[in-house]
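Working notes, structure below.
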Amino acid sequence: MEQRKPPATEEGWYVLHDCRSIDWDAWREAPSRVRDRALSEGIDFLSAYEAVEDADEGQTAVYTVLGHKADIMILHLRPTMSDLDAAERHFEQTEFAAFTEQEFSYVSVTEASGYTEKSREYFEGEIDDDSGLAQYIQARLHPDVPDEEFVCFYPMSKRRQPDQNWYDTAFEERAAHIKRHGDIGRGYGSDVNQMICGSIAFDDWEWGITLWSDDMTSIKELLTEMRFDPSTSKFAEFGPFYVGRKFAPTDLPAVLAGQRVPTEEAHDRPDAVSEHAHDEAPGQPDATATQAGHAGGDADTHGGAHPGSAGEGDHPHGEGGDADHPTDDDSDSGGGRPDVSGDFERVDDAVQRVGRLGLMEGEDYDAGDFALVFHSETDAEDLVDDVEDLESSFDHYDRHVDTMVRAQSGQTYVVSIWTAEEAAETAAGFLSDLDGVTEQFGGPLGEADDSADQEQAAAASSQSIREQLEAEGVYAGQPHGEDVYALVVYSTADPETLDAEVDDLRSAFDRYDTHVRTTVYEGPDADTVAVASLWDTEDAAQTASGYLTDLPDVEGRHGEGDGFGTMGMFYTVKPEHREDFVEKFATVGGLLDDMDGHRETALLANRADENDMFIASQWDSKEDAMAFFRSDAFSDTVDWGRDVLADRPRHVFLA
């Protein structure tokens with residue numbers, strides 16, 4: 001039997017279609033603080049990957065998925081397999097991932113292979129790199145994710161039945177099938193974009209097909225016509241279809257809330273993919289060159305060569321003969337986000353204006369905040385839903401305080417309060433789009449009091465419990481940016497004895513919804529043992545402290561009373577990197593010894609899980625500790641930790 005040779009191929013970017021379902025029951029039952037943190041980490045992850053901050057080049061986009069198969073699909077294109085691997089694992093470290101289940105995934109690589117004489121010349125090196133054909137092939141290997149609203153993804157293979165075996169078919173017959181298939185595709189070139197990826201040895205099927213369009217019926221019509229072509233009717237086998245709609249990472253809260261996406265504000269500003277979609281990447285032709293290569297070609301060059309051309313593999317779909325998705329003539333080519341800041345008249349009587357609307361310092365805002373007061377001719381009831389949607393989006397920014405509708409004497413006002421004027425300026429751009437807005441004012445709400453007395457008053461509750469517990473050898477605080485409240489006691493008791501005592505205590509604590517976790521940590525010499533207990537509320541932590549101080553041989557930590565302490569928790573190390581982490585700690589410990597104000601730092605491990613670490617440091621003052629956290633050494637350590645930690649570390653600062 002004649003040994004058939006496969007057509008030559010060239011591979012480009014590696015591709016991952018990651019389809020996830022949402023655990024809606026868990027999402028609804030989760031505390032709001034947990035949902036907020038999950039959304040924040042989800043947005044940060046998707047935004048960073050859309051901006052390709054993780055690799056030299058590539059693309060990422062996120063879509064909703066309609067139907068029962070999944071809820072969202074994250075599409076990654078990256079130069080290496082390791083980039084995809086890191087992206088998938090990085091997502092799993094986010095709080096948002098805990099509410100998802102990977103229902104389906106597909107791994108492939110962009111591929112160029114050809115049957116035409118011109119394509120063979122390319123693979124044999126007879127075509128110049130700057131030729132239209134070469135540039136077209138490179139554009140196929142390093143595609144841009146288009147901005148079209150809808151996506152359709154499915155895997156497929158060529159049939160291998162005794163009487164319908166694609167791979168036993170003569171080369172000339174396969175080439176004829178692909179050319180005819182391509183002729184169909186070219187008829188939809190202005191309506192449908194495509195990406196064809198090879199997946200032999202990568203996944204269960206032979207190709208992964210991704211189609212984009214602003215009208216799903218265009219994709220339906222294309223695939224329907226192709227079903228009647230012998231290339232499909234005789235030789236094609238299809239896997240599951242996933243259909244979705246593109247949304248910006250900042251619209252993730254709207255997706256989880258069941259709102260329409262993209263939201264109006266996302267429509268008004270291009271997302272990260274849009275910004276980068278036409279940027280020139282290394283090794284990738286610019287849009288002008290690609291368009292020039294497409295224009296006016298024939299089937300043997302590449303002007304109309306889509307299915308079956310050098311830009312396609314054995315499986316074909318087709319597009320038009322122009323560039324993959326050229327930028328519209330009137331599109332913004334500036335490369336950055338547009339200025340969404342709104343205009344408003346700056347006033348000095350903002351305190352009086354919000355006061356007349358029932359908002360008071362200390363209850364609704366703090367001195368030094370910045371208020372926007374917009375008057376609208378629309379009835380208050382008709383504005384409530386739109387303002388609530390804006391408020392939901394604003395709440396994902398730390399500097400947002402509150403946004404609301406107020407009615408007074410038959411007049412409608414929208415008030416938005418922020419901790420910084422520049423944040424309010426951006427918000428004004430969205431508020432000014434509300435119906436009926438006629439007058440727009442903004443101004444500071446008094447002057448912030450930066451005195452130590454004011455700071456202590458604002459944190460009176462936290463200070464109070466710290467002072468009460470410190471006398472009993474209990475150290476307390478809140479991890480930066482977290483709602484949980486942390487308690488730590490040190491003991492000189494035998495670790496096994498302490499373990500048994502804490503097991504009993506933990507069983508009692510677990511009956512309370514406010515209990516997060518209670519853990520025993522031990523130093524390498526077993527002389528240092530710490531019990532860390534995390535709670536949702538300060539009151540619950542204060543109650544638990546009484547039980548913690550009853551543990552055997554509890555004592556205060558040396559030097560704690562007159563210094564400043566930090567505790568690093570949730571250092572969950574990937575098992576294969578545990579030794580690396582311990583060695584890194586020793587290196588950082590050497591740097592700490594040379595820093596002004598550093599007293600001591602200890603590394604302790606969870607007795608039940610050696611990969612869960614706890615770091616406690618003592619300093620002469622808060623300023624000394626902060627100098628370290630702002631240092632390049634700490635920044636480098638954090639960057640290094642991203643690859644070895646299985647969770648995001650959090651710190652507790654102890655006054």
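By convention here, the chains of the structure tokens are called A, B, ... in the order presented, each chain's residues are numbered starting at 1, and ligands are numbered starting at 1 in the order presented.
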Residues within 8 Å of region 253-256 of chain A, please, as a VMD selection string. Count only C-alpha atoms; anything in the same chain fewer than 3 positions from it doesn't count. chain A and resid 39 64 250 259 to 261 263 392 to 393
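If you measure from each of A:Leu592, A:Ile219, A:Leu211, A:Ala112 to Ala8 (chain A) using only C-alpha atoms, the closest one turns out to be A:Ala112.
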CA of Pro162 (chain A) and CA of Ala175 (chain A) are how many Å apart? 20.3 Å
To one decimal place in Å, what is the distance between CA of Cys197 (chain A) and CA of Ile43 (chain A)? 27.7 Å
Using only C-alpha atoms, find each residue of region 405-457 of chain A with at least one atom at most 8 Å away from an atom of region 363-376 of chain A; report its shortest atom-to-atom pair and that distance in Å (one decimal), sort the rows by chain and rising residue number, and return the result as a tab-separated table.
residue	atom	partner	partner_atom	distance
A:Gln411	CA	A:Ser376	CA	7.5
A:Thr412	CA	A:Ser376	CA	5.4
A:Tyr413	CA	A:His375	CA	4.6
A:Val414	CA	A:Phe374	CA	5.1
A:Val415	CA	A:Val373	CA	4.7
A:Ser416	CA	A:Leu372	CA	5.1
A:Ile417	CA	A:Ala371	CA	4.4
A:Trp418	CA	A:Phe370	CA	5.2
A:Thr419	CA	A:Asp369	CA	4.4
A:Ala420	CA	A:Phe370	CA	6.0
A:Glu421	CA	A:Phe370	CA	5.6
A:Ala424	CA	A:Phe370	CA	6.9
A:Ala428	CA	A:Leu372	CA	7.4
A:Leu431	CA	A:Phe374	CA	7.8
A:Ser432	CA	A:Phe374	CA	7.8
A:Asp435	CA	A:Ser376	CA	7.1
A:Gly436	CA	A:Ser376	CA	4.8
A:Val437	CA	A:Ser376	CA	4.1
A:Thr438	CA	A:Ser376	CA	5.7
A:Glu439	CA	A:His375	CA	5.1
A:Gln440	CA	A:Phe374	CA	4.5
A:Phe441	CA	A:Val373	CA	5.2
A:Gly442	CA	A:Leu372	CA	4.3
A:Gly443	CA	A:Ala371	CA	5.6
A:Pro444	CA	A:Phe370	CA	4.4
A:Leu445	CA	A:Asp369	CA	5.3
A:Gly446	CA	A:Ala367	CA	5.2
A:Glu447	CA	A:Gly368	CA	4.5
A:Ala448	CA	A:Gly368	CA	4.1
A:Asp449	CA	A:Ala367	CA	7.3
